[in-house]
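A.B. asks: Contents of start09.txt (compact mmCIF, C-alpha atoms and all ligand atoms) are below:
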# COMPACT_ATOMS: atom_id res chain seq x y z
CA VAL A 281 13.33 31.87 2.17
CA THR A 282 13.96 35.39 3.43
CA ASP A 283 12.19 35.41 6.74
CA GLY A 284 13.08 32.02 8.26
CA PRO A 285 10.93 29.04 9.19
CA PHE A 286 8.71 31.09 11.49
CA GLY A 287 8.33 34.05 9.18
CA TRP A 288 4.70 33.09 8.54
CA LEU A 289 3.88 34.01 12.13
CA SER A 290 3.94 37.73 11.36
CA THR A 291 1.43 37.18 8.52
CA ARG A 292 -0.85 35.36 10.95
CA GLU A 293 -0.45 38.14 13.50
CA ARG A 294 -1.44 40.79 10.94
CA GLU A 295 -4.52 38.69 10.09
CA ARG A 296 -5.48 38.45 13.76
CA VAL A 297 -5.00 42.19 14.28
CA ALA A 298 -7.18 42.93 11.23
CA ALA A 299 -9.89 40.58 12.55
CA GLY A 300 -9.79 42.11 16.05
CA LEU A 301 -8.49 38.83 17.49
CA ARG A 302 -5.08 39.83 18.90
CA ARG A 303 -4.74 38.75 22.53
CA SER A 304 -2.42 40.01 25.24
CA LEU A 305 -1.53 39.13 28.81
CA ARG A 306 -2.34 41.61 31.54
CA PRO A 307 -0.74 40.83 34.90
CA ARG A 308 -3.11 41.42 37.80
CA GLU A 309 -1.76 43.69 40.52
CA ALA A 310 -2.37 42.81 44.16
CA GLY A 311 -5.15 44.90 45.68
CA ASP A 312 -6.33 46.40 42.36
CA ALA A 313 -9.83 46.98 43.87
CA LEU A 314 -11.73 45.87 40.76
CA VAL A 315 -15.09 44.14 41.10
CA ASP A 316 -14.12 40.70 39.82
CA LEU A 317 -16.59 39.28 37.30
CA ALA A 318 -13.85 37.73 35.17
CA SER A 319 -12.46 34.93 37.32
CA ASN A 320 -14.00 31.53 38.06
CA ASP A 321 -13.82 31.97 41.83
CA TYR A 322 -17.59 31.35 42.03
CA LEU A 323 -17.79 30.88 45.78
CA GLY A 324 -15.17 33.51 46.65
CA LEU A 325 -12.99 30.88 48.34
CA ALA A 326 -9.66 31.45 46.52
CA ARG A 327 -8.41 33.75 49.28
CA HIS A 328 -10.42 32.41 52.19
CA PRO A 329 -8.15 32.35 55.28
CA LYS A 330 -8.85 28.65 55.98
CA VAL A 331 -8.02 27.72 52.38
CA ALA A 332 -4.83 29.80 52.35
CA GLU A 333 -3.78 28.35 55.71
CA ALA A 334 -4.34 24.78 54.49
CA ALA A 335 -2.14 25.49 51.46
CA ALA A 336 0.58 27.06 53.61
CA ASP A 337 0.52 24.12 56.05
CA ALA A 338 0.82 21.66 53.18
CA VAL A 339 3.81 23.55 51.75
CA ARG A 340 5.51 23.33 55.13
CA THR A 341 4.70 19.61 55.41
CA TRP A 342 5.22 18.38 51.84
CA GLY A 343 7.22 21.11 50.12
CA THR A 344 6.25 23.27 47.17
CA GLY A 345 5.73 20.52 44.62
CA ALA A 346 4.65 16.88 44.40
CA THR A 347 8.28 15.91 43.58
CA GLY A 348 7.27 13.26 41.05
CA SER A 349 4.48 11.67 39.06
CA ARG A 350 1.53 10.22 40.94
CA LEU A 351 2.72 6.63 40.48
CA VAL A 352 6.22 7.37 41.80
CA THR A 353 6.50 9.97 44.63
CA GLY A 354 3.66 12.34 43.69
CA THR A 355 0.85 10.80 45.77
CA THR A 356 0.71 12.16 49.32
CA ARG A 357 -1.79 11.70 52.11
CA ALA A 358 -3.23 15.10 51.02
CA HIS A 359 -4.05 13.64 47.57
CA ALA A 360 -5.59 10.43 48.92
CA ASP A 361 -7.69 12.32 51.50
CA LEU A 362 -9.07 14.74 48.92
CA GLU A 363 -9.90 11.90 46.52
CA ASP A 364 -11.90 10.15 49.25
CA ALA A 365 -13.62 13.40 50.27
CA LEU A 366 -14.62 14.30 46.70
CA ALA A 367 -16.03 10.83 45.99
CA ASP A 368 -17.92 10.88 49.28
CA PHE A 369 -19.30 14.40 48.65
CA VAL A 370 -20.47 13.71 45.10
CA GLY A 371 -21.73 10.23 45.95
CA CYS A 372 -19.66 7.97 43.71
CA GLU A 373 -17.21 5.16 44.42
CA ALA A 374 -13.89 6.80 43.69
CA ALA A 375 -12.06 9.91 42.49
CA LEU A 376 -8.68 10.53 40.91
CA LEU A 377 -6.84 13.87 41.00
CA PHE A 378 -5.06 15.28 37.98
CA SER A 379 -2.89 18.39 37.87
CA SER A 380 -5.58 20.33 35.98
CA GLY A 381 -9.15 19.99 34.74
CA TYR A 382 -7.77 20.09 31.21
CA LEU A 383 -5.62 17.04 31.91
CA ALA A 384 -8.51 15.29 33.70
CA ASN A 385 -10.59 15.57 30.51
CA LEU A 386 -7.67 14.46 28.36
CA GLY A 387 -7.09 11.45 30.62
CA ALA A 388 -10.73 10.40 31.00
CA VAL A 389 -11.70 10.69 27.35
CA THR A 390 -8.58 9.12 25.84
CA ALA A 391 -8.57 6.23 28.32
CA LEU A 392 -12.30 5.49 28.08
CA ALA A 393 -12.77 5.86 24.32
CA ASP A 394 -10.43 3.73 22.23
CA ALA A 395 -10.27 2.73 18.57
CA GLY A 396 -13.34 0.51 19.01
CA THR A 397 -15.49 3.36 20.37
CA LEU A 398 -17.89 5.86 18.81
CA LEU A 399 -17.30 9.10 20.73
CA VAL A 400 -20.05 11.72 20.49
CA SER A 401 -19.15 15.24 21.64
CA ASP A 402 -21.46 18.27 21.94
CA GLU A 403 -20.46 21.05 19.55
CA HIS A 404 -20.17 23.58 22.41
CA ASN A 405 -17.89 21.43 24.58
CA HIS A 406 -14.85 23.01 26.20
CA ALA A 407 -11.55 23.05 24.26
CA SER A 408 -10.07 20.44 26.61
CA ILE A 409 -12.77 17.99 25.48
CA VAL A 410 -12.27 18.96 21.84
CA ASP A 411 -8.55 18.24 22.21
CA ALA A 412 -9.25 15.01 24.11
CA CYS A 413 -11.49 13.80 21.26
CA ARG A 414 -8.75 14.61 18.74
CA LEU A 415 -6.19 12.69 20.82
CA SER A 416 -8.41 9.64 21.33
CA ARG A 417 -8.34 6.98 18.68
CA ALA A 418 -12.12 6.81 18.67
CA ARG A 419 -14.35 7.77 15.74
CA VAL A 420 -15.61 11.19 16.78
CA GLU A 421 -19.00 12.63 15.88
CA ILE A 422 -19.86 16.21 16.83
CA ALA A 423 -23.45 16.46 18.09
CA PRO A 424 -25.61 19.56 17.52
CA HIS A 425 -25.71 21.58 20.74
CA SER A 426 -27.92 20.10 23.51
CA ASP A 427 -30.17 18.36 20.99
CA PRO A 428 -31.40 15.01 22.40
CA ASP A 429 -33.03 13.90 19.12
CA ALA A 430 -29.88 14.54 17.09
CA LEU A 431 -27.86 12.74 19.76
CA ALA A 432 -30.18 9.73 19.62
CA THR A 433 -29.86 9.64 15.82
CA LEU A 434 -26.07 9.67 15.99
CA LEU A 435 -26.06 6.88 18.57
CA ASP A 436 -28.65 4.77 16.76
CA ALA A 437 -27.00 4.92 13.32
CA SER A 438 -25.57 1.56 12.39
CA ARG A 439 -21.88 1.48 13.15
CA GLU A 440 -18.87 -0.78 13.27
CA GLU A 441 -17.91 0.20 16.82
CA SER A 442 -19.12 -2.04 19.61
CA ARG A 443 -19.12 0.76 22.21
CA ALA A 444 -20.25 4.37 22.39
CA VAL A 445 -19.44 7.20 24.78
CA VAL A 446 -21.13 10.61 24.95
CA VAL A 447 -19.06 13.48 26.32
CA THR A 448 -20.60 16.78 27.36
CA ASP A 449 -20.17 19.81 29.57
CA ALA A 450 -22.84 19.82 32.29
CA VAL A 451 -22.87 23.63 32.09
CA PHE A 452 -21.32 25.06 28.93
CA SER A 453 -18.48 27.47 29.56
CA VAL A 454 -19.38 30.26 27.12
CA ASP A 455 -23.14 30.71 27.57
CA GLY A 456 -23.52 29.04 30.97
CA ASP A 457 -26.42 26.90 29.68
CA THR A 458 -27.12 23.20 30.28
CA GLY A 459 -28.78 20.41 28.31
CA LEU A 460 -27.78 17.54 30.60
CA ALA A 461 -31.27 16.62 31.86
CA ALA A 462 -32.30 15.93 28.24
CA THR A 463 -29.11 14.34 26.87
CA LEU A 464 -28.00 12.08 29.74
CA PRO A 465 -31.05 9.74 29.45
CA VAL A 466 -30.50 9.47 25.67
CA ALA A 467 -26.99 8.09 26.20
CA ARG A 468 -28.28 5.48 28.66
CA GLU A 469 -31.16 4.53 26.37
CA ALA A 470 -28.63 3.82 23.60
CA GLY A 471 -26.40 1.79 25.93
CA ALA A 472 -23.65 4.43 25.72
CA GLY A 473 -21.41 5.56 28.55
CA SER A 474 -21.39 9.23 29.55
CA ILE A 475 -18.53 11.51 30.51
CA VAL A 476 -19.89 14.71 32.06
CA ASP A 477 -17.66 17.71 32.73
CA GLU A 478 -18.94 19.37 35.91
CA ALA A 479 -16.34 22.19 35.80
CA HIS A 480 -18.95 24.99 35.96
CA SER A 481 -21.62 23.19 37.94
CA PHE A 482 -19.68 21.66 40.82
CA GLY A 483 -20.12 23.94 43.83
CA VAL A 484 -22.88 25.96 42.17
CA CYS A 485 -25.59 23.52 41.00
CA GLY A 486 -27.28 20.46 42.43
CA PRO A 487 -27.89 19.50 46.05
CA GLY A 488 -25.42 21.45 48.21
CA GLY A 489 -23.30 22.17 45.11
CA ARG A 490 -22.75 18.49 44.22
CA GLY A 491 -23.26 19.22 40.54
CA LEU A 492 -25.88 18.44 37.91
CA THR A 493 -25.14 14.73 37.54
CA ALA A 494 -25.85 14.35 41.26
CA ALA A 495 -28.98 16.49 40.86
CA LEU A 496 -30.22 14.00 38.25
CA GLY A 497 -29.51 11.12 40.65
CA ARG A 498 -26.86 9.65 38.33
CA ALA A 499 -23.61 10.23 40.29
CA ALA A 500 -23.31 6.62 41.50
CA ASP A 501 -24.19 4.98 38.18
CA PRO A 502 -21.46 2.81 36.64
CA ASP A 503 -22.21 4.13 33.13
CA VAL A 504 -21.49 7.74 34.18
CA VAL A 505 -18.08 9.34 34.71
CA GLN A 506 -17.67 12.93 35.88
CA THR A 507 -14.75 15.26 35.40
CA MET A 508 -14.21 18.50 37.29
CA THR A 509 -11.73 21.22 38.06
CA LEU A 510 -10.50 22.41 41.44
CA SER A 511 -9.92 25.86 39.93
CA LYS A 512 -13.44 27.29 39.88
CA SER A 513 -15.79 26.80 42.87
CA LEU A 514 -12.99 25.34 44.97
CA GLY A 515 -10.82 28.39 44.20
CA GLY A 516 -7.61 26.40 43.66
CA GLN A 517 -5.81 24.50 40.96
CA GLY A 518 -6.09 20.95 39.66
CA GLY A 519 -8.70 18.56 38.28
CA ALA A 520 -10.40 15.27 39.08
CA VAL A 521 -12.26 12.37 37.51
CA LEU A 522 -15.06 10.76 39.53
CA GLY A 523 -16.72 7.45 38.83
CA SER A 524 -16.77 3.78 39.68
CA ARG A 525 -13.76 2.08 41.26
CA ALA A 526 -13.29 0.15 38.00
CA VAL A 527 -13.06 3.39 35.99
CA VAL A 528 -10.59 4.98 38.40
CA ASP A 529 -8.44 1.83 38.51
CA HIS A 530 -8.38 1.83 34.70
CA LEU A 531 -7.32 5.50 34.58
CA VAL A 532 -4.44 4.83 36.98
CA ASP A 533 -3.13 2.27 34.49
CA ALA A 534 -4.11 3.92 31.22
CA ALA A 535 -4.59 7.71 31.40
CA ARG A 536 -1.42 9.16 29.93
CA SER A 537 -2.08 12.67 31.31
CA PHE A 538 -2.16 11.08 34.77
CA ILE A 539 0.82 8.75 34.39
CA PHE A 540 3.26 11.03 32.57
CA ASP A 541 2.68 14.22 34.53
CA THR A 542 4.06 15.45 37.85
CA GLY A 543 1.37 15.06 40.50
CA LEU A 544 -0.81 17.96 41.59
CA ALA A 545 1.06 20.11 44.16
CA PRO A 546 0.11 18.86 47.66
CA ALA A 547 -0.71 22.46 48.63
CA SER A 548 -3.32 22.55 45.86
CA ALA A 549 -4.87 19.31 47.12
CA ALA A 550 -4.94 20.60 50.70
CA ALA A 551 -6.38 23.99 49.65
CA ALA A 552 -9.14 22.33 47.61
CA HIS A 553 -9.93 20.05 50.54
CA ALA A 554 -10.32 23.05 52.85
CA ALA A 555 -12.57 24.73 50.25
CA LEU A 556 -14.64 21.53 49.95
CA ASP A 557 -15.06 21.50 53.75
CA LEU A 558 -16.34 25.10 53.59
CA LEU A 559 -18.79 24.16 50.84
CA ARG A 560 -19.96 21.12 52.77
CA THR A 561 -20.62 23.14 55.91
CA ASP A 562 -22.27 26.14 54.20
CA PRO A 563 -24.89 24.96 51.69
CA THR A 564 -25.99 28.60 51.16
CA LEU A 565 -22.80 29.27 49.13
CA PRO A 566 -24.11 27.66 45.88
CA GLU A 567 -27.50 29.37 46.29
CA ARG A 568 -25.81 32.75 46.74
CA ALA A 569 -23.66 32.30 43.62
CA ARG A 570 -26.75 31.39 41.54
CA ALA A 571 -28.75 34.32 42.94
CA ARG A 572 -25.93 36.74 42.09
CA ALA A 573 -25.81 35.32 38.53
CA ALA A 574 -29.53 36.04 38.18
CA ASP A 575 -28.88 39.60 39.45
CA LEU A 576 -26.12 40.11 36.82
CA ALA A 577 -28.37 38.90 33.99
CA ALA A 578 -31.16 41.21 35.17
CA LEU A 579 -28.77 44.19 35.31
CA ALA A 580 -27.55 43.50 31.76
CA ARG A 581 -31.09 43.21 30.43
CA SER A 582 -32.29 46.34 32.17
CA ALA A 583 -29.35 48.17 30.51
CA GLY A 584 -30.75 46.99 27.15
CA LEU A 585 -28.21 44.21 26.50
CA THR A 586 -28.91 40.62 25.43
CA ALA A 587 -27.96 38.34 28.31
CA SER A 588 -28.19 34.56 28.70
CA THR A 589 -30.36 32.98 31.39
CA PRO A 590 -27.79 31.48 33.75
CA SER A 591 -27.95 27.82 34.78
CA ALA A 592 -24.97 28.28 37.09
CA ALA A 593 -22.69 31.28 37.75
CA VAL A 594 -21.86 32.28 34.15
CA VAL A 595 -23.80 35.03 32.34
CA SER A 596 -22.97 35.81 28.74
CA VAL A 597 -23.73 39.12 27.05
CA VAL A 598 -23.74 39.11 23.25
CA LEU A 599 -21.96 41.97 21.47
CA PRO A 600 -21.90 42.93 17.78
CA SER A 601 -18.20 42.27 17.01
CA PRO A 602 -14.84 41.26 18.51
CA ASP A 603 -13.74 44.93 18.45
CA VAL A 604 -16.81 46.06 20.38
CA ALA A 605 -16.31 43.24 22.87
CA VAL A 606 -12.71 44.31 23.51
CA ALA A 607 -13.73 47.98 23.80
CA ALA A 608 -16.57 47.04 26.18
CA GLN A 609 -14.18 45.08 28.38
CA ALA A 610 -11.81 48.11 28.51
CA LEU A 611 -14.74 50.41 29.29
CA CYS A 612 -15.75 48.19 32.21
CA ARG A 613 -12.21 48.41 33.57
CA THR A 614 -12.39 52.20 33.55
CA ARG A 615 -15.49 51.71 35.75
CA ARG A 616 -13.43 49.42 38.04
CA VAL A 617 -15.22 46.25 36.92
CA ASP A 618 -13.26 43.31 35.51
CA VAL A 619 -15.21 41.20 33.00
CA GLY A 620 -14.23 38.40 30.64
CA CYS A 621 -14.22 38.84 26.87
CA PHE A 622 -14.84 35.84 24.63
CA ARG A 623 -14.01 36.08 20.96
CA PRO A 624 -13.34 33.55 18.22
CA PRO A 625 -11.78 30.98 18.43
CA SER A 626 -12.90 30.63 22.08
CA VAL A 627 -16.59 30.80 21.11
CA PRO A 628 -18.14 27.84 19.31
CA ASP A 629 -20.46 29.97 17.16
CA GLY A 630 -18.10 32.85 16.30
CA VAL A 631 -20.22 35.37 18.26
CA SER A 632 -18.23 37.69 20.55
CA ARG A 633 -19.43 38.16 24.10
CA LEU A 634 -18.70 39.60 27.47
CA ARG A 635 -18.70 36.90 30.08
CA LEU A 636 -19.78 37.91 33.56
CA THR A 637 -19.17 35.41 36.32
CA ALA A 638 -21.04 35.73 39.56
CA ARG A 639 -19.47 35.14 42.94
CA ALA A 640 -21.30 34.22 46.13
CA ASP A 641 -19.59 37.14 47.91
CA LEU A 642 -20.60 39.99 45.54
CA THR A 643 -22.07 42.86 47.56
CA ASP A 644 -24.93 45.21 46.70
CA THR A 645 -22.35 48.01 46.28
CA ASP A 646 -20.47 45.83 43.78
CA LEU A 647 -23.70 45.27 41.84
CA THR A 648 -24.46 49.00 41.69
CA ARG A 649 -21.05 49.59 40.14
CA VAL A 650 -21.62 46.70 37.69
CA GLY A 651 -25.03 48.12 36.70
CA ASP A 652 -23.45 51.51 35.84
CA ALA A 653 -20.73 49.81 33.78
CA LEU A 654 -23.31 47.77 31.85
CA VAL A 655 -25.32 50.91 30.99
CA ALA A 656 -22.10 52.36 29.50
CA VAL A 657 -21.51 49.10 27.57
CA ALA A 658 -25.05 49.25 26.16
CA GLU A 659 -24.42 52.82 24.93
CA LEU A 660 -21.15 51.71 23.31
CA ALA A 661 -22.82 48.72 21.62
CA GLY A 662 -25.67 50.94 20.43
CA ARG A 663 -23.19 53.30 18.70
CA ALA A 664 -21.31 50.41 16.99
C1 LIG B 1 -15.79 23.15 30.98
C2 LIG B 1 -14.33 23.19 31.36
N1 LIG B 1 -13.67 22.04 31.47
C3 LIG B 1 -12.37 22.01 31.79
C4 LIG B 1 -11.66 23.17 32.03
C5 LIG B 1 -10.22 23.09 32.34
O1 LIG B 1 -9.99 23.14 33.72
P1 LIG B 1 -8.58 23.65 34.28
O2 LIG B 1 -8.58 25.12 34.15
O3 LIG B 1 -8.53 23.15 35.68
O4 LIG B 1 -7.52 23.04 33.42
C6 LIG B 1 -12.34 24.40 31.93
C7 LIG B 1 -11.70 25.71 32.16
O5 LIG B 1 -10.80 26.03 32.71
C8 LIG B 1 -13.70 24.41 31.58
O6 LIG B 1 -14.37 25.57 31.45
Would you write the structure of this file as structure tokens?
C.D. replies:
Amino acid sequence: VTDGPFGWLSTRERERVAAGLRRSLRPREAGDALVDLASNDYLGLARHPKVAEAAADAVRTWGTGATGSRLVTGTTRAHADLEDALADFVGCEAALLFSSGYLANLGAVTALADAGTLLVSDEHNHASIVDACRLSRARVEIAPHSDPDALATLLDASREESRAVVVTDAVFSVDGDTGLAATLPVAREAGAGSIVDEAHSFGVCGPGGRGLTAALGRAADPDVVQTMTLSKSLGGQGGAVLGSRAVVDHLVDAARSFIFDTGLAPASAAAAHAALDLLRTDPTLPERARARAADLAALARSAGLTASTPSAAVVSVVLPSPDVAVAAQALCRTRRVDVGCFRPPSVPDGVSRLRLTARADLTDTDLTRVGDALVAVAELAGRA
């Protein structure tokens, strides 16, 4: 061996460069004055003075970290209060905070689907659900995207497992679409439990931003469990699982990503609580985020691009190749607009896209600048 045990990494890197899939980190600078269509700060609350103040107060009260795992020293009054407030807002019995949405999905899926479970996962589910399915000891079937008939067939097929669980994003992270209204009843019909990831719908969809499960009147049902992140509409950091008291009690005893992880920083819990209070008192925030998403899709289409029809705040714009997607993202930056770029392996179907995320606080001036950038992107894509 001439190049050591990790010598193969350079071969992989060359392959990624050739395929246009090399990634790099770009630190944001404070006050960079870009129109932000790349973050998940859907309601524009990440830097709201009340949210920042709540975080600062919590740091002064509790310190900078949770100091231990949730079952030891990592549960503070800030955690317990936010759990009660989230459950009350969404309309279910109980909630449990995790230190990220990724870990909430890992904990919920692995603890609720064991070796005796058939676990059915939509093919467009977020990577955290994909990884959770791999970690669970359940038999996993991947369901065709948002296809209720295919889901029913998978659940009806004769099987050894005595239990079944369906896991799905409420709004899918790449295209911003939803199939929940069609798939959730299928799971119930088959006697299966449902785990619904409300990461992109909480704060944007449903009554007052309570999410799509609540919109379907299913938030309080004992056969439904919801997961969410505090890092999108609530502008912070962390995750949560919401469901019946029995489910939450089980997770406290069995979810390894809850038990063996330092608790969420108290400042993150307090910040998310302040953001939740703002959402609760201003029900126009979700409506504004959705209206801005519709504006972004219309701008992309009038520039001649193919844009998704947004169910929440995410708009996806299909581009011909990973290279064009990267060039389009760079072009937008020269126009002072920051957009997301999704390429394989982050896209379930291998199609590269720009991802535009709306925020409730986008101004008309911002949208004019975005429209100009999208016209330039359409010209670039047309030349490719
Ligand atoms: C659908 C979905 N679920 C879960 C997560 C993970 O949440 P977090 O970033 O809080 O780990 C994300 C993205 O971040 C997501 O898009």
A.B. asks: Would you please work out which residue, of A:Ala430, A:Ala653, A:Ala336, A:Ala479, is nearest to ligand LIG 1 (chain B) when using only C-alpha atoms and all ligand atoms?
C.D. replies: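 Using only C-alpha atoms and all ligand atoms, the shortest distance to ligand LIG 1 (chain B) belongs to A:Ala479.
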A.B. asks: What is the distance, in Å and to one decimal place, between atom C4 of ligand LIG 1 (chain B) and CA of Asn320 in chain A?
C.D. replies: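 Straight-line distance from atom C4 of ligand LIG 1 (chain B) to CA of Asn320 in chain A works out to 10.6 Å.
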A.B. asks: One decimal, in Å: what's the spacing between CA of Ala318 in chain A and CA of Ser632 in chain A?
C.D. replies: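 So the two atoms, CA of Ala318 in chain A and CA of Ser632 in chain A, lie 15.3 Å apart.
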A.B. asks: Given all atoms listed in the file as the basis, pick out the residue of A:Val627, A:Ala384, A:Val598, A:Leu492 nearest to ligand LIG 1 (chain B).
C.D. replies: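 Distance minimum relative to ligand LIG 1 (chain B) lands on A:Ala384.
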A.B. asks: Can you tell me, as a ChimeraX atom specification, what residues are no more than 7 Å from Ala423 in chain A when counting all atoms listed in the file, ignoring any on the same chain fewer than 5 positions away?
C.D. replies: /A:400-403,430-431
A.B. asks: Sorted by chain and rising residue number, which residues of chain A lie within 7 Å of ligand LIG 1 (chain B), and what are their closest atom pairs and distances in Å to one decimal, counting all atoms listed in the file, as JSON lines?
C.D. replies:
{"residue": "A:Ser380", "atom": "CA", "partner": "B:LIG1", "partner_atom": "O3", "distance": 4.1}
{"residue": "A:Gly381", "atom": "CA", "partner": "B:LIG1", "partner_atom": "O3", "distance": 3.4}
{"residue": "A:Tyr382", "atom": "CA", "partner": "B:LIG1", "partner_atom": "O4", "distance": 3.7}
{"residue": "A:Leu383", "atom": "CA", "partner": "B:LIG1", "partner_atom": "O4", "distance": 6.5}
{"residue": "A:Asn385", "atom": "CA", "partner": "B:LIG1", "partner_atom": "C3", "distance": 6.8}
{"residue": "A:Asn405", "atom": "CA", "partner": "B:LIG1", "partner_atom": "C1", "distance": 7.0}
{"residue": "A:His406", "atom": "CA", "partner": "B:LIG1", "partner_atom": "C1", "distance": 4.9}
{"residue": "A:Ser408", "atom": "CA", "partner": "B:LIG1", "partner_atom": "C3", "distance": 5.9}
{"residue": "A:Asp449", "atom": "CA", "partner": "B:LIG1", "partner_atom": "C1", "distance": 5.7}
{"residue": "A:Phe452", "atom": "CA", "partner": "B:LIG1", "partner_atom": "C1", "distance": 6.2}
{"residue": "A:Ser453", "atom": "CA", "partner": "B:LIG1", "partner_atom": "O6", "distance": 4.9}
{"residue": "A:Asp477", "atom": "CA", "partner": "B:LIG1", "partner_atom": "C1", "distance": 6.0}
{"residue": "A:Glu478", "atom": "CA", "partner": "B:LIG1", "partner_atom": "C1", "distance": 7.0}
{"residue": "A:Ala479", "atom": "CA", "partner": "B:LIG1", "partner_atom": "C1", "distance": 4.9}
{"residue": "A:His480", "atom": "CA", "partner": "B:LIG1", "partner_atom": "C1", "distance": 6.2}
{"residue": "A:Met508", "atom": "CA", "partner": "B:LIG1", "partner_atom": "C3", "distance": 6.8}
{"residue": "A:Thr509", "atom": "CA", "partner": "B:LIG1", "partner_atom": "O3", "distance": 4.4}
{"residue": "A:Leu510", "atom": "CA", "partner": "B:LIG1", "partner_atom": "O3", "distance": 6.1}
{"residue": "A:Ser511", "atom": "CA", "partner": "B:LIG1", "partner_atom": "O3", "distance": 5.2}
{"residue": "A:Gln517", "atom": "CA", "partner": "B:LIG1", "partner_atom": "O3", "distance": 6.1}
{"residue": "A:Gly518", "atom": "CA", "partner": "B:LIG1", "partner_atom": "O3", "distance": 5.2}
{"residue": "A:Gly519", "atom": "CA", "partner": "B:LIG1", "partner_atom": "O3", "distance": 5.3}
A.B. asks: Please report as a tab-separated table every residue of range 321-390 of chain A lying within 8 Å of range 551-557 of chain A, along with the nearest atom pair and their distance in Å (one decimal), using only C-alpha atoms.
C.D. replies:
residue	atom	partner	partner_atom	distance
A:Leu325	CA	A:Ala555	CA	6.5
A:Lys330	CA	A:Ala554	CA	6.6
A:Val331	CA	A:Ala551	CA	4.9
A:Ala332	CA	A:Ala551	CA	6.6
A:Glu333	CA	A:Ala551	CA	7.9
A:Ala334	CA	A:Ala551	CA	5.3
A:Ala335	CA	A:Ala551	CA	4.8
A:Leu362	CA	A:His553	CA	5.6
A:Ala365	CA	A:His553	CA	7.6
A:Leu366	CA	A:Leu556	CA	7.9
A.B. asks: Sorted by chain and rising residue number, which residues of range 515-592 of chain A lie within 12 Å of range 495-502 of chain A, and what are their closest atom pairs and distances in Å to one decimal, counting all atoms listed in the file, as JSON lines?
C.D. replies:
{"residue": "A:Val521", "atom": "CA", "partner": "A:Ala499", "partner_atom": "CA", "distance": 11.9}
{"residue": "A:Leu522", "atom": "CA", "partner": "A:Ala499", "partner_atom": "CA", "distance": 8.6}
{"residue": "A:Gly523", "atom": "CA", "partner": "A:Pro502", "partner_atom": "CA", "distance": 7.0}
{"residue": "A:Ser524", "atom": "CA", "partner": "A:Pro502", "partner_atom": "CA", "distance": 5.7}
{"residue": "A:Arg525", "atom": "CA", "partner": "A:Pro502", "partner_atom": "CA", "distance": 9.0}
{"residue": "A:Ala526", "atom": "CA", "partner": "A:Pro502", "partner_atom": "CA", "distance": 8.7}
{"residue": "A:Val527", "atom": "CA", "partner": "A:Pro502", "partner_atom": "CA", "distance": 8.4}
{"residue": "A:Val528", "atom": "CA", "partner": "A:Pro502", "partner_atom": "CA", "distance": 11.2}
A.B. asks: Using all atoms listed in the file, which protein or nucleic acid residues come within 10 Å of Arg568 in chain A? Drop anything in the same chain fewer than 6 positions from it, and give the result as a PyMOL selection string.
C.D. replies: chain A and resi 322-323+484+574+593+638-642
A.B. asks: Point out the residue among A:Ala375, A:Ala549, A:Cys485, A:Ala313 with the least atom-to-atom distance to Arg570 in chain A, counting only C-alpha atoms.
C.D. replies: A:Cys485
A.B. asks: Please measure the separation of CA of Ala545 in chain A and CA of Ser474 in chain A, giving the value in Å to one decimal.
C.D. replies: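 Calculated distance between CA of Ala545 in chain A and CA of Ser474 in chain A is 28.9 Å.
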A.B. asks: Return the single residue from A:Ser426, A:Gln609, A:Thr356, A:Ser442 that is closest to Leu460 in chain A, with distances computed using all atoms listed in the file.
C.D. replies: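 Looking only at the distances to Leu460 in chain A, the closest residue turns out to be A:Ser426.
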